Each structure stands twice: as C-alpha cells, then as structure tokens.
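Next up, query-v6.pdb (PDB, C-alpha atoms, pLDDT in the B column):
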ATOM      1  CA  MET A   1       0.002  15.772  18.061  1.00 40.00           C
ATOM      2  CA  MET A   2      -2.753  18.366  17.608  1.00 40.00           C
ATOM      3  CA  THR A   3      -2.328  20.870  14.795  1.00 44.00           C
ATOM      4  CA  THR A   4      -4.567  23.958  14.719  1.00 43.00           C
ATOM      5  CA  MET A   5      -5.044  25.931  11.524  1.00 43.00           C
ATOM      6  CA  ARG A   6      -7.336  28.881  10.949  1.00 45.00           C
ATOM      7  CA  PRO A   7      -9.375  28.864   7.689  1.00 41.00           C
ATOM      8  CA  SER A   8      -7.506  31.891   6.312  1.00 41.00           C
ATOM      9  CA  ASN A   9      -4.153  30.196   6.841  1.00 44.00           C
ATOM     10  CA  LEU A  10      -5.501  26.973   5.349  1.00 42.00           C
ATOM     11  CA  LEU A  11      -6.625  28.807   2.215  1.00 40.00           C
ATOM     12  CA  ALA A  12      -3.194  30.417   1.805  1.00 42.00           C
ATOM     13  CA  LEU A  13      -1.534  27.022   2.189  1.00 39.00           C
ATOM     14  CA  LEU A  14      -3.798  25.449  -0.437  1.00 40.00           C
ATOM     15  CA  VAL A  15      -3.041  28.234  -2.922  1.00 37.00           C
ATOM     16  CA  PHE A  16       0.691  27.735  -2.390  1.00 35.00           C
ATOM     17  CA  ILE A  17       0.460  23.973  -2.831  1.00 37.00           C
ATOM     18  CA  PHE A  18      -1.586  24.207  -6.021  1.00 36.00           C
ATOM     19  CA  PHE A  19       0.950  26.692  -7.427  1.00 34.00           C
ATOM     20  CA  ALA A  20       3.781  24.315  -6.516  1.00 39.00           C
ATOM     21  CA  MET A  21       1.964  21.455  -8.202  1.00 40.00           C
ATOM     22  CA  GLY A  22       2.178  23.292 -11.496  1.00 39.00           C
ATOM     23  CA  GLN A  23       5.945  23.664 -11.111  1.00 37.00           C
ATOM     24  CA  GLN A  24       6.770  20.074 -10.165  1.00 39.00           C
ATOM     25  CA  THR A  25       6.845  16.664 -11.798  1.00 39.00           C
ATOM     26  CA  THR A  26       4.738  13.969 -10.147  1.00 40.00           C
ATOM     27  CA  GLU A  27       6.071  10.656  -8.922  1.00 36.00           C
ATOM     28  CA  ALA A  28       3.741   8.882 -11.357  1.00 41.00           C
ATOM     29  CA  GLU A  29       6.516   9.352 -13.928  1.00 50.00           C
ATOM     30  CA  ASP A  30       9.185   7.753 -11.726  1.00 58.00           C
ATOM     31  CA  PRO A  31       9.881   4.020 -12.220  1.00 77.00           C
ATOM     32  CA  HIS A  32      10.671   3.409  -8.542  1.00 87.00           C
ATOM     33  CA  LEU A  33       8.999   3.481  -5.175  1.00 94.00           C
ATOM     34  CA  THR A  34      10.508   5.886  -2.653  1.00 93.00           C
ATOM     35  CA  PRO A  35      11.274   4.992   0.977  1.00 93.00           C
ATOM     36  CA  ILE A  36       8.545   5.728   3.480  1.00 91.00           C
ATOM     37  CA  PHE A  37       9.586   8.742   5.554  1.00 85.00           C
ATOM     38  CA  PRO A  38      10.448   7.545   9.088  1.00 83.00           C
ATOM     39  CA  PHE A  39       8.879  10.526  10.896  1.00 85.00           C
ATOM     40  CA  ASP A  40       5.114  10.985  11.039  1.00 86.00           C
ATOM     41  CA  PRO A  41       4.404  14.425  12.550  1.00 81.00           C
ATOM     42  CA  ASP A  42       0.610  14.176  12.624  1.00 84.00           C
ATOM     43  CA  GLY A  43       0.295  10.421  13.243  1.00 93.00           C
ATOM     44  CA  TYR A  44      -1.636   9.783  10.037  1.00 95.00           C
ATOM     45  CA  ASP A  45       0.664   7.106   8.564  1.00 95.00           C
ATOM     46  CA  GLN A  46       0.677   5.150  11.800  1.00 95.00           C
ATOM     47  CA  ALA A  47      -3.071   5.484  12.352  1.00 97.00           C
ATOM     48  CA  VAL A  48      -3.792   4.089   8.884  1.00 98.00           C
ATOM     49  CA  PHE A  49      -1.265   1.273   9.217  1.00 97.00           C
ATOM     50  CA  GLN A  50      -2.430   0.255  12.688  1.00 97.00           C
ATOM     51  CA  SER A  51      -6.074   0.345  11.599  1.00 98.00           C
ATOM     52  CA  LEU A  52      -5.734  -1.649   8.379  1.00 98.00           C
ATOM     53  CA  VAL A  53      -2.720  -3.877   9.066  1.00 98.00           C
ATOM     54  CA  GLY A  54      -1.797  -3.653  12.745  1.00 96.00           C
ATOM     55  CA  ASP A  55      -0.595  -6.950  14.201  1.00 95.00           C
ATOM     56  CA  ARG A  56      -2.218  -9.150  11.530  1.00 95.00           C
ATOM     57  CA  ASN A  57       1.288 -10.009  10.254  1.00 95.00           C
ATOM     58  CA  PRO A  58       0.709 -10.313   6.495  1.00 97.00           C
ATOM     59  CA  SER A  59       3.555 -11.396   4.251  1.00 97.00           C
ATOM     60  CA  LEU A  60       2.750  -8.580   1.800  1.00 98.00           C
ATOM     61  CA  TRP A  61       0.516  -5.520   1.944  1.00 98.00           C
ATOM     62  CA  MET A  62      -0.662  -2.510  -0.006  1.00 98.00           C
ATOM     63  CA  ILE A  63      -2.259   0.527   1.623  1.00 98.00           C
ATOM     64  CA  ALA A  64      -4.065   3.149  -0.454  1.00 98.00           C
ATOM     65  CA  ARG A  65      -4.860   6.623   0.899  1.00 97.00           C
ATOM     66  CA  PRO A  66      -7.081   8.580  -1.514  1.00 96.00           C
ATOM     67  CA  SER A  67      -7.223  12.327  -0.984  1.00 93.00           C
ATOM     68  CA  PHE A  68     -11.009  12.478  -0.729  1.00 93.00           C
ATOM     69  CA  ASP A  69     -12.147   8.930  -0.072  1.00 96.00           C
ATOM     70  CA  VAL A  70     -11.713   6.279   2.631  1.00 98.00           C
ATOM     71  CA  GLU A  71      -8.412   4.458   3.158  1.00 98.00           C
ATOM     72  CA  TYR A  72      -8.195   0.798   2.137  1.00 98.00           C
ATOM     73  CA  ALA A  73      -5.700  -2.052   1.856  1.00 98.00           C
ATOM     74  CA  VAL A  74      -5.025  -5.506   0.501  1.00 98.00           C
ATOM     75  CA  LEU A  75      -3.145  -7.964   2.729  1.00 98.00           C
ATOM     76  CA  VAL A  76      -1.535 -11.170   1.467  1.00 98.00           C
ATOM     77  CA  PHE A  77      -0.914 -13.982   3.946  1.00 97.00           C
ATOM     78  CA  ALA A  78       1.339 -17.028   3.514  1.00 96.00           C
ATOM     79  CA  VAL A  79      -0.020 -19.515   6.058  1.00 93.00           C
ATOM     80  CA  PRO A  80       2.535 -22.283   6.853  1.00 90.00           C
ATOM     81  CA  ILE A  81       1.508 -25.881   6.175  1.00 87.00           C
ATOM     82  CA  GLN A  82       3.125 -27.953   8.918  1.00 81.00           C
ATOM     83  CA  ASN A  83       3.889 -31.641   8.526  1.00 75.00           C
ATOM     84  CA  GLY A  84       4.181 -32.502  12.206  1.00 65.00           C
ATOM     85  CA  GLU A  85       7.904 -33.249  12.000  1.00 67.00           C
ATOM     86  CA  PRO A  86      10.405 -31.358  14.202  1.00 62.00           C
ATOM     87  CA  ASP A  87      11.955 -28.227  12.776  1.00 58.00           C
ATOM     88  CA  PRO A  88      15.141 -29.424  11.001  1.00 55.00           C
ATOM     89  CA  PHE A  89      16.869 -26.184  12.010  1.00 53.00           C
ATOM     90  CA  GLY A  90      16.241 -26.746  15.700  1.00 54.00           C
ATOM     91  CA  GLY A  91      13.801 -23.888  16.164  1.00 54.00           C
ATOM     92  CA  GLY A  92      11.504 -25.924  18.379  1.00 54.00           C
ATOM     93  CA  GLY A  93       8.588 -25.733  15.931  1.00 59.00           C
ATOM     94  CA  ARG A  94       7.333 -28.154  13.340  1.00 65.00           C
ATOM     95  CA  GLY A  95       8.532 -28.619   9.805  1.00 73.00           C
ATOM     96  CA  VAL A  96       6.844 -26.616   7.061  1.00 80.00           C
ATOM     97  CA  THR A  97       6.061 -28.261   3.739  1.00 82.00           C
ATOM     98  CA  GLY A  98       4.645 -25.183   2.023  1.00 85.00           C
ATOM     99  CA  TYR A  99       2.146 -22.372   2.375  1.00 91.00           C
ATOM    100  CA  ASP A 100      -1.530 -21.731   1.860  1.00 95.00           C
ATOM    101  CA  TRP A 101      -2.104 -18.256   0.415  1.00 97.00           C
ATOM    102  CA  VAL A 102      -4.931 -15.991   1.549  1.00 98.00           C
ATOM    103  CA  ILE A 103      -5.755 -12.434   0.467  1.00 98.00           C
ATOM    104  CA  GLU A 104      -7.756  -9.964   2.524  1.00 98.00           C
ATOM    105  CA  ALA A 105      -9.375  -6.730   1.369  1.00 98.00           C
ATOM    106  CA  ALA A 106      -9.807  -4.153   4.147  1.00 98.00           C
ATOM    107  CA  GLU A 107     -11.526  -0.767   4.074  1.00 98.00           C
ATOM    108  CA  VAL A 108     -12.287   1.709   6.854  1.00 98.00           C
ATOM    109  CA  THR A 109     -15.923   2.722   7.223  1.00 97.00           C
ATOM    110  CA  ARG A 110     -15.052   6.381   7.902  1.00 96.00           C
ATOM    111  CA  LYS A 111     -12.045   8.271   6.556  1.00 97.00           C
ATOM    112  CA  ILE A 112      -9.222   8.397   9.112  1.00 97.00           C
ATOM    113  CA  TYR A 113      -7.871  11.779   7.975  1.00 95.00           C
ATOM    114  CA  GLN A 114     -10.357  14.120   9.616  1.00 94.00           C
ATOM    115  CA  HIS A 115     -10.531  17.686  10.919  1.00 92.00           C
ATOM    116  CA  LYS A 116     -12.901  18.974  13.528  1.00 90.00           C
ATOM    117  CA  ASP A 117     -13.988  22.496  14.411  1.00 89.00           C
ATOM    118  CA  ILE A 118     -13.063  23.286  18.024  1.00 87.00           C
ATOM    119  CA  GLY A 119     -15.627  26.055  18.215  1.00 85.00           C
ATOM    120  CA  ASP A 120     -13.679  29.256  17.582  1.00 85.00           C
ATOM    121  CA  GLY A 121     -13.344  28.989  13.814  1.00 82.00           C
ATOM    122  CA  SER A 122     -10.177  26.886  14.072  1.00 90.00           C
ATOM    123  CA  LEU A 123      -9.733  23.399  12.650  1.00 91.00           C
ATOM    124  CA  VAL A 124      -7.904  20.633  14.512  1.00 91.00           C
ATOM    125  CA  LEU A 125      -6.648  17.389  13.041  1.00 92.00           C
ATOM    126  CA  ASP A 126      -8.669  14.539  14.505  1.00 94.00           C
ATOM    127  CA  ILE A 127      -6.768  11.402  13.466  1.00 96.00           C
ATOM    128  CA  LYS A 128      -7.429   8.186  15.359  1.00 95.00           C
ATOM    129  CA  VAL A 129      -6.856   4.450  14.977  1.00 96.00           C
ATOM    130  CA  THR A 130     -10.161   2.758  14.195  1.00 97.00           C
ATOM    131  CA  LYS A 131     -11.520  -0.764  14.516  1.00 96.00           C
ATOM    132  CA  ASP A 132     -14.449  -0.011  12.225  1.00 97.00           C
ATOM    133  CA  ILE A 133     -13.023  -1.947   9.297  1.00 98.00           C
ATOM    134  CA  SER A 134     -14.795  -3.945   6.605  1.00 98.00           C
ATOM    135  CA  ARG A 135     -12.759  -7.085   5.831  1.00 98.00           C
ATOM    136  CA  LEU A 136     -13.240  -9.818   3.244  1.00 98.00           C
ATOM    137  CA  ARG A 137     -10.983 -12.862   2.720  1.00 97.00           C
ATOM    138  CA  ALA A 138     -10.412 -15.469   0.019  1.00 97.00           C
ATOM    139  CA  GLY A 139      -7.890 -18.219  -0.629  1.00 97.00           C
ATOM    140  CA  ILE A 140      -5.799 -18.183  -3.808  1.00 97.00           C
ATOM    141  CA  PRO A 141      -3.766 -20.886  -5.614  1.00 97.00           C
ATOM    142  CA  LYS A 142      -0.267 -21.488  -4.271  1.00 96.00           C
ATOM    143  CA  ASP A 143       1.403 -20.710  -7.592  1.00 97.00           C
ATOM    144  CA  LEU A 144      -0.386 -17.342  -7.751  1.00 98.00           C
ATOM    145  CA  GLY A 145       0.783 -16.586  -4.207  1.00 97.00           C
ATOM    146  CA  GLU A 146       4.390 -17.189  -5.239  1.00 97.00           C
ATOM    147  CA  GLN A 147       3.945 -15.022  -8.341  1.00 98.00           C
ATOM    148  CA  ILE A 148       2.560 -12.186  -6.226  1.00 98.00           C
ATOM    149  CA  ARG A 149       5.466 -12.441  -3.785  1.00 97.00           C
ATOM    150  CA  SER A 150       7.969 -12.305  -6.650  1.00 97.00           C
ATOM    151  CA  ALA A 151       6.237  -9.251  -8.126  1.00 98.00           C
ATOM    152  CA  TRP A 152       6.126  -7.413  -4.771  1.00 98.00           C
ATOM    153  CA  ASN A 153       9.792  -8.102  -4.042  1.00 97.00           C
ATOM    154  CA  SER A 154      10.970  -7.209  -7.555  1.00 96.00           C
ATOM    155  CA  VAL A 155       9.549  -3.701  -7.170  1.00 96.00           C
ATOM    156  CA  LEU A 156      10.395  -3.147  -3.499  1.00 96.00           C
ATOM    157  CA  ASN A 157      13.992  -4.268  -4.054  1.00 95.00           C
ATOM    158  CA  GLU A 158      14.495  -1.172  -6.225  1.00 93.00           C
ATOM    159  CA  THR A 159      13.072   1.348  -3.762  1.00 94.00           C
ATOM    160  CA  ARG A 160      15.265   4.447  -3.753  1.00 92.00           C
ATOM    161  CA  TYR A 161      15.279   8.149  -3.021  1.00 88.00           C
ATOM    162  CA  ILE A 162      14.510  10.404  -5.978  1.00 77.00           C
ATOM    163  CA  SER A 163      17.031  13.028  -7.050  1.00 67.00           C
ATOM    164  CA  ASP A 164      14.666  15.983  -7.352  1.00 59.00           C
ATOM    165  CA  ASN A 165      11.955  17.514  -5.195  1.00 49.00           C
ATOM    166  CA  ARG A 166       8.652  16.157  -6.440  1.00 55.00           C
ATOM    167  CA  ASN A 167       5.338  17.396  -5.153  1.00 53.00           C
ATOM    168  CA  SER A 168       2.529  14.895  -4.584  1.00 58.00           C
ATOM    169  CA  GLY A 169      -0.263  17.463  -4.747  1.00 61.00           C
ATOM    170  CA  LEU A 170      -3.683  17.095  -3.171  1.00 69.00           C
ATOM    171  CA  ASP A 171      -6.023  15.414  -5.643  1.00 82.00           C
ATOM    172  CA  GLY A 172      -4.754  11.865  -6.010  1.00 92.00           C
ATOM    173  CA  ILE A 173      -3.798   8.812  -4.016  1.00 95.00           C
ATOM    174  CA  THR A 174      -0.783   7.819  -1.911  1.00 95.00           C
ATOM    175  CA  VAL A 175      -0.007   4.105  -2.283  1.00 97.00           C
ATOM    176  CA  GLN A 176       2.299   2.213   0.043  1.00 97.00           C
ATOM    177  CA  PHE A 177       3.625  -1.309  -0.455  1.00 98.00           C
ATOM    178  CA  GLY A 178       5.386  -3.500   2.068  1.00 97.00           C
ATOM    179  CA  THR A 179       6.642  -6.910   3.102  1.00 96.00           C
ATOM    180  CA  GLN A 180       7.761  -8.006   6.549  1.00 93.00           C
ATOM    181  CA  SER A 181      11.129  -6.293   6.002  1.00 93.00           C
ATOM    182  CA  LYS A 182      10.717  -3.625   3.281  1.00 95.00           C
ATOM    183  CA  ALA A 183       8.359  -0.771   2.448  1.00 96.00           C
ATOM    184  CA  GLY A 184       8.038   1.997  -0.128  1.00 96.00           C
ATOM    185  CA  GLU A 185       5.455   4.388  -1.495  1.00 96.00           C
ATOM    186  CA  THR A 186       4.443   6.386  -4.530  1.00 94.00           C
ATOM    187  CA  TRP A 187       1.902   9.035  -5.527  1.00 94.00           C
ATOM    188  CA  SER A 188      -0.939   8.247  -7.955  1.00 93.00           C
ATOM    189  CA  PRO A 189       0.998   5.565  -9.888  1.00 93.00           C
ATOM    190  CA  GLU A 190      -0.091   5.359 -13.515  1.00 90.00           C
ATOM    191  CA  SER A 191       2.844   3.723 -15.281  1.00 88.00           C
ATOM    192  CA  GLY A 192       6.045   1.801 -14.737  1.00 92.00           C
ATOM    193  CA  ALA A 193       6.530  -0.920 -12.122  1.00 94.00           C
ATOM    194  CA  PRO A 194       4.730   0.998  -9.319  1.00 95.00           C
ATOM    195  CA  GLY A 195       1.742   1.505 -11.616  1.00 96.00           C
ATOM    196  CA  LEU A 196       1.625  -2.190 -12.487  1.00 97.00           C
ATOM    197  CA  LEU A 197       1.966  -3.197  -8.838  1.00 97.00           C
ATOM    198  CA  PHE A 198      -0.915  -0.877  -7.942  1.00 98.00           C
ATOM    199  CA  GLN A 199      -2.990  -2.525 -10.690  1.00 98.00           C
ATOM    200  CA  LEU A 200      -2.122  -5.918  -9.199  1.00 98.00           C
ATOM    201  CA  GLY A 201      -3.216  -4.780  -5.745  1.00 98.00           C
ATOM    202  CA  GLN A 202      -6.514  -3.490  -7.169  1.00 98.00           C
ATOM    203  CA  SER A 203      -7.005  -6.774  -9.041  1.00 98.00           C
ATOM    204  CA  LEU A 204      -6.448  -8.751  -5.842  1.00 98.00           C
ATOM    205  CA  ILE A 205      -9.182  -6.721  -4.156  1.00 98.00           C
ATOM    206  CA  GLU A 206     -11.500  -7.548  -7.056  1.00 97.00           C
ATOM    207  CA  LEU A 207     -10.523 -11.223  -6.744  1.00 98.00           C
ATOM    208  CA  VAL A 208     -11.569 -11.334  -3.087  1.00 97.00           C
ATOM    209  CA  SER A 209     -15.138 -10.427  -3.969  1.00 94.00           C
ATOM    210  CA  ALA A 210     -15.300 -12.175  -7.362  1.00 96.00           C
ATOM    211  CA  GLN A 211     -18.283 -14.396  -8.018  1.00 95.00           C
ATOM    212  CA  LYS A 212     -17.572 -18.095  -8.591  1.00 93.00           C
ATOM    213  CA  ASN A 213     -18.112 -17.862 -12.356  1.00 95.00           C
ATOM    214  CA  ASP A 214     -15.667 -14.933 -12.600  1.00 97.00           C
ATOM    215  CA  ARG A 215     -13.010 -16.194 -10.190  1.00 97.00           C
ATOM    216  CA  GLU A 216     -10.835 -18.061 -12.722  1.00 97.00           C
ATOM    217  CA  ARG A 217     -10.731 -15.066 -15.037  1.00 97.00           C
ATOM    218  CA  GLN A 218      -9.680 -12.814 -12.180  1.00 98.00           C
ATOM    219  CA  ILE A 219      -7.004 -15.281 -11.026  1.00 98.00           C
ATOM    220  CA  GLN A 220      -5.575 -15.317 -14.553  1.00 98.00           C
ATOM    221  CA  ALA A 221      -5.604 -11.517 -14.697  1.00 98.00           C
ATOM    222  CA  CYS A 222      -3.616 -11.328 -11.441  1.00 98.00           C
ATOM    223  CA  SER A 223      -1.185 -13.998 -12.652  1.00 98.00           C
ATOM    224  CA  THR A 224      -0.577 -12.144 -15.926  1.00 98.00           C
ATOM    225  CA  LEU A 225       0.056  -8.865 -14.111  1.00 98.00           C
ATOM    226  CA  ALA A 226       2.452 -10.474 -11.627  1.00 98.00           C
ATOM    227  CA  ASP A 227       4.473 -12.095 -14.422  1.00 97.00           C
ATOM    228  CA  LYS A 228       4.552  -8.808 -16.357  1.00 97.00           C
ATOM    229  CA  ILE A 229       5.936  -6.947 -13.332  1.00 97.00           C
ATOM    230  CA  VAL A 230       8.752  -9.443 -12.824  1.00 96.00           C
ATOM    231  CA  ALA A 231       9.550  -9.522 -16.555  1.00 94.00           C
ATOM    232  CA  THR A 232       9.886  -5.728 -16.781  1.00 88.00           C
ATOM    233  CA  ARG A 233      12.339  -5.392 -13.897  1.00 81.00           C
ATOM    234  CA  PRO A 234      16.035  -5.031 -14.810  1.00 77.00           C
ATOM    235  CA  LYS A 235      18.161  -8.135 -14.377  1.00 70.00           C
ATOM    236  CA  PRO A 236      21.212  -7.837 -12.045  1.00 59.00           C
ATOM    237  CA  GLU A 237      23.596  -7.659 -14.976  1.00 56.00           C
ATOM    238  CA  GLN A 238      21.585  -4.686 -16.311  1.00 47.00           C
ATOM    239  CA  GLY A 239      22.091  -2.672 -13.172  1.00 48.00           C
ATOM    240  CA  GLY A 240      19.115  -3.957 -11.174  1.00 45.00           C
ATOM    241  CA  ALA A 241      19.052  -4.687  -7.450  1.00 44.00           C
ATOM    242  CA  ARG A 242      21.290  -7.551  -6.348  1.00 40.00           C
TER     243      ARG A 242
END

Encoded form (structure tokens):
Amino acid sequence: MMTTMRPSNLLALLVFIFFAMGQQTTEAEDPHLTPIFPFDPDGYDQAVFQSLVGDRNPSLWMIARPSFDVEYAVLVFAVPIQNGEPDPFGGGGRGVTGYDWVIEAAEVTRKIYQHKDIGDGSLVLDIKVTKDISRLRAGIPKDLGEQIRSAWNSVLNETRYISDNRNSGLDGITVQFGTQSKAGETWSPESGAPGLLFQLGQSLIELVSAQKNDRERQIQACSTLADKIVATRPKPEQGGAR
C-alpha cells in the first residue's frame, strides 16, 4: 500500500505524537509483552520479518526495529541430531536423539523503513523486502540452547493485551520476540522480563562475533541472563501462565 503525506501534514502529525508521548506511559514499564497486531497497513512488519527471518525456520527469534537505525535480528536454531533409526511415532522420518544449537545475527544493510520524494513535494512510503542482509552464525552449547528456549517461552507465555492506551513514541526501538507458535512485542524495554529478554538477545548477538578468548565469558553471561529470566517469572500457583 502506498501512503502519500505532504510535509505540512507530516509536521502536524509529529507535533501531535510528541504531545501524546508526554501524556502516556511507555510500555517499558509493563512486565509483559503485548500481542503483535495482526493487521499491517503499510507492510512494514511483514517486510522486516520476511527480510530477516523469512523461511529460515528458526526455533526462536528476536527482531529489533530502531527508529533511526537499521533493523536487525537474532535467530536461534535447534538442528535435530538424527540417529538413523525409524521415527518411533510413525512419522516416516528418523529418530532424533537431541539438537545442535546455532545462533545467527542478521542485519539489513539499508534501513527498510524508507520514504521517497515523488517529485511534487510529497513523500511516499517505500518499504520493500530486501536480500541485502549481513549474517553471521555460531554454534552454542546444548545446555545454553535449552536455557535460552526456557527463557523465551517463560516470557512469551505471559503475552497479554495491556489495559490502557500506551503510546510508543518515535525515538526508541520496537522489539519483537517469537517462537514457531507464539509472538509478542514491546517498546524500548528497559526493565522487567521483556527488558531482560532483550538483554539476552543483545548478548547472543555479541556471542556470535565474540573472539575465541572472550567466548566462554559471553556464554556464561547469556546463561546467567537466561536463568535470571526464568527465575523471575511467576510460578503457576502464583498466578502465572499454565
């Protein structure tokens, strides 16, 4: 969908949004992710997802969309280790004895959210899926992979709608988390479980590019964060997700 906006209208909209920002509470104070809105009027959500994740089929993912910088993601893959025996459940495949865990850091080379001037002083959204992605991969220990999965699920299991109208503003970052069956998002997470999960995602990106002499320290940092996330989530008897 193409959306045209004249500069004067854009300025009025920005003034309104900045005023609203001063009247609202940000999601950074909320302890939960919120569901990802199912309708994408300008195609931005889908363009970012298809560019960074697409059909790569990760077990877990985090997408970050800064307001004024390029979009990036971390993807976590659980690669089945097959033992050559028939699938005991009759699925026609081979038995799986466990998983090898791989993380991938992905970053677009040019920001996807773009406007272009169509020549008469009007701006048009110019959002497109891109294949110009920088990707870097690294394997991680199996126990860390399981810790990461537990942390991701413990936060996503509590995704819920918020009770009041909260404005995300302009200067910040939208962060989305997902598995193969669940997804949620938050705005500029600084505290609570979403904030910790964002820190874990950032630490995984640092782990991908860590030098050999720094790798063990970074693995331990990710492990500590993952355990902290799980430990801070409410247990079922305390009203947590069942």

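The gap separating CA of Arg56 (chain A) from CA of Ser209 (chain A) is 20.2 Å, in Å to one decimal.
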
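Shortest atom-to-atom contact with Gly54 (chain A) among A:Ile81, A:Val129, A:Leu156, A:Ile112: A:Val129, counting all atoms listed in the file.
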
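Note that CA of Ala193 (chain A) and CA of Ile103 (chain A) are 21.0 Å apart.
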
Check your understanding: What is the CA of Thr34 (chain A) to CA of Gln46 (chain A) distance in Å?
Key -> 17.5 Å

Any chance you could work out the residue set of the PyMOL selection byres ((chain A and resi 106) around 8) here, as a tab-separated table (two decimals) with C-alpha atoms, in the frame of the given file?
chain	number	residue	atom	x	y	z
A	52	LEU	CA	-5.73	-1.65	8.38
A	72	TYR	CA	-8.20	0.80	2.14
A	73	ALA	CA	-5.70	-2.05	1.86
A	74	VAL	CA	-5.03	-5.51	0.50
A	75	LEU	CA	-3.14	-7.96	2.73
A	104	GLU	CA	-7.76	-9.96	2.52
A	105	ALA	CA	-9.38	-6.73	1.37
A	107	GLU	CA	-11.53	-0.77	4.07
A	108	VAL	CA	-12.29	1.71	6.85
A	133	ILE	CA	-13.02	-1.95	9.30
A	134	SER	CA	-14.80	-3.94	6.60
A	135	ARG	CA	-12.76	-7.08	5.83
A	136	LEU	CA	-13.24	-9.82	3.24

Check your understanding: If I put a ball of radius 10 Å at (-2.9, 9.4, 1.3) in the file's coordinates, which residues poke into it when counting only C-alpha atoms, written as a PyMOL selection string?
Key -> chain A and resi 44-45+48+63-71+113+168+170-176+186-188

Expected answer as a compact mmCIF listing (two decimals) with C-alpha atoms, keeping the file's coordinate frame: all residues with atoms within 10 Å of (-3.4, -18.9, -8.9), only C-alpha atoms:
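The resulting file, point.txt, is reproduced below:
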# COMPACT_ATOMS: atom_id res chain seq x y z
CA TRP A 101 -2.10 -18.26 0.42
CA GLY A 139 -7.89 -18.22 -0.63
CA ILE A 140 -5.80 -18.18 -3.81
CA PRO A 141 -3.77 -20.89 -5.61
CA LYS A 142 -0.27 -21.49 -4.27
CA ASP A 143 1.40 -20.71 -7.59
CA LEU A 144 -0.39 -17.34 -7.75
CA GLY A 145 0.78 -16.59 -4.21
CA GLU A 146 4.39 -17.19 -5.24
CA GLN A 147 3.94 -15.02 -8.34
CA ILE A 148 2.56 -12.19 -6.23
CA GLU A 216 -10.84 -18.06 -12.72
CA GLN A 218 -9.68 -12.81 -12.18
CA ILE A 219 -7.00 -15.28 -11.03
CA GLN A 220 -5.58 -15.32 -14.55
CA ALA A 221 -5.60 -11.52 -14.70
CA CYS A 222 -3.62 -11.33 -11.44
CA SER A 223 -1.18 -14.00 -12.65

Take every atom of region 177-196 of chain A listed in the file, fit an axis-aligned box around them, add 5 Å per side, and give the centre and edge lengths in Å to one decimal as JSON.
{"center_x": 5.1, "center_y": 0.5, "center_z": -4.4, "size_x": 22.1, "size_y": 27.0, "size_z": 31.8}

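Considering the residues A:Pro194, A:Gly119, A:Gly184, A:Gly201 and counting all atoms listed in the file, Met62 (chain A) has its shortest atom-to-atom contact with A:Gly201.
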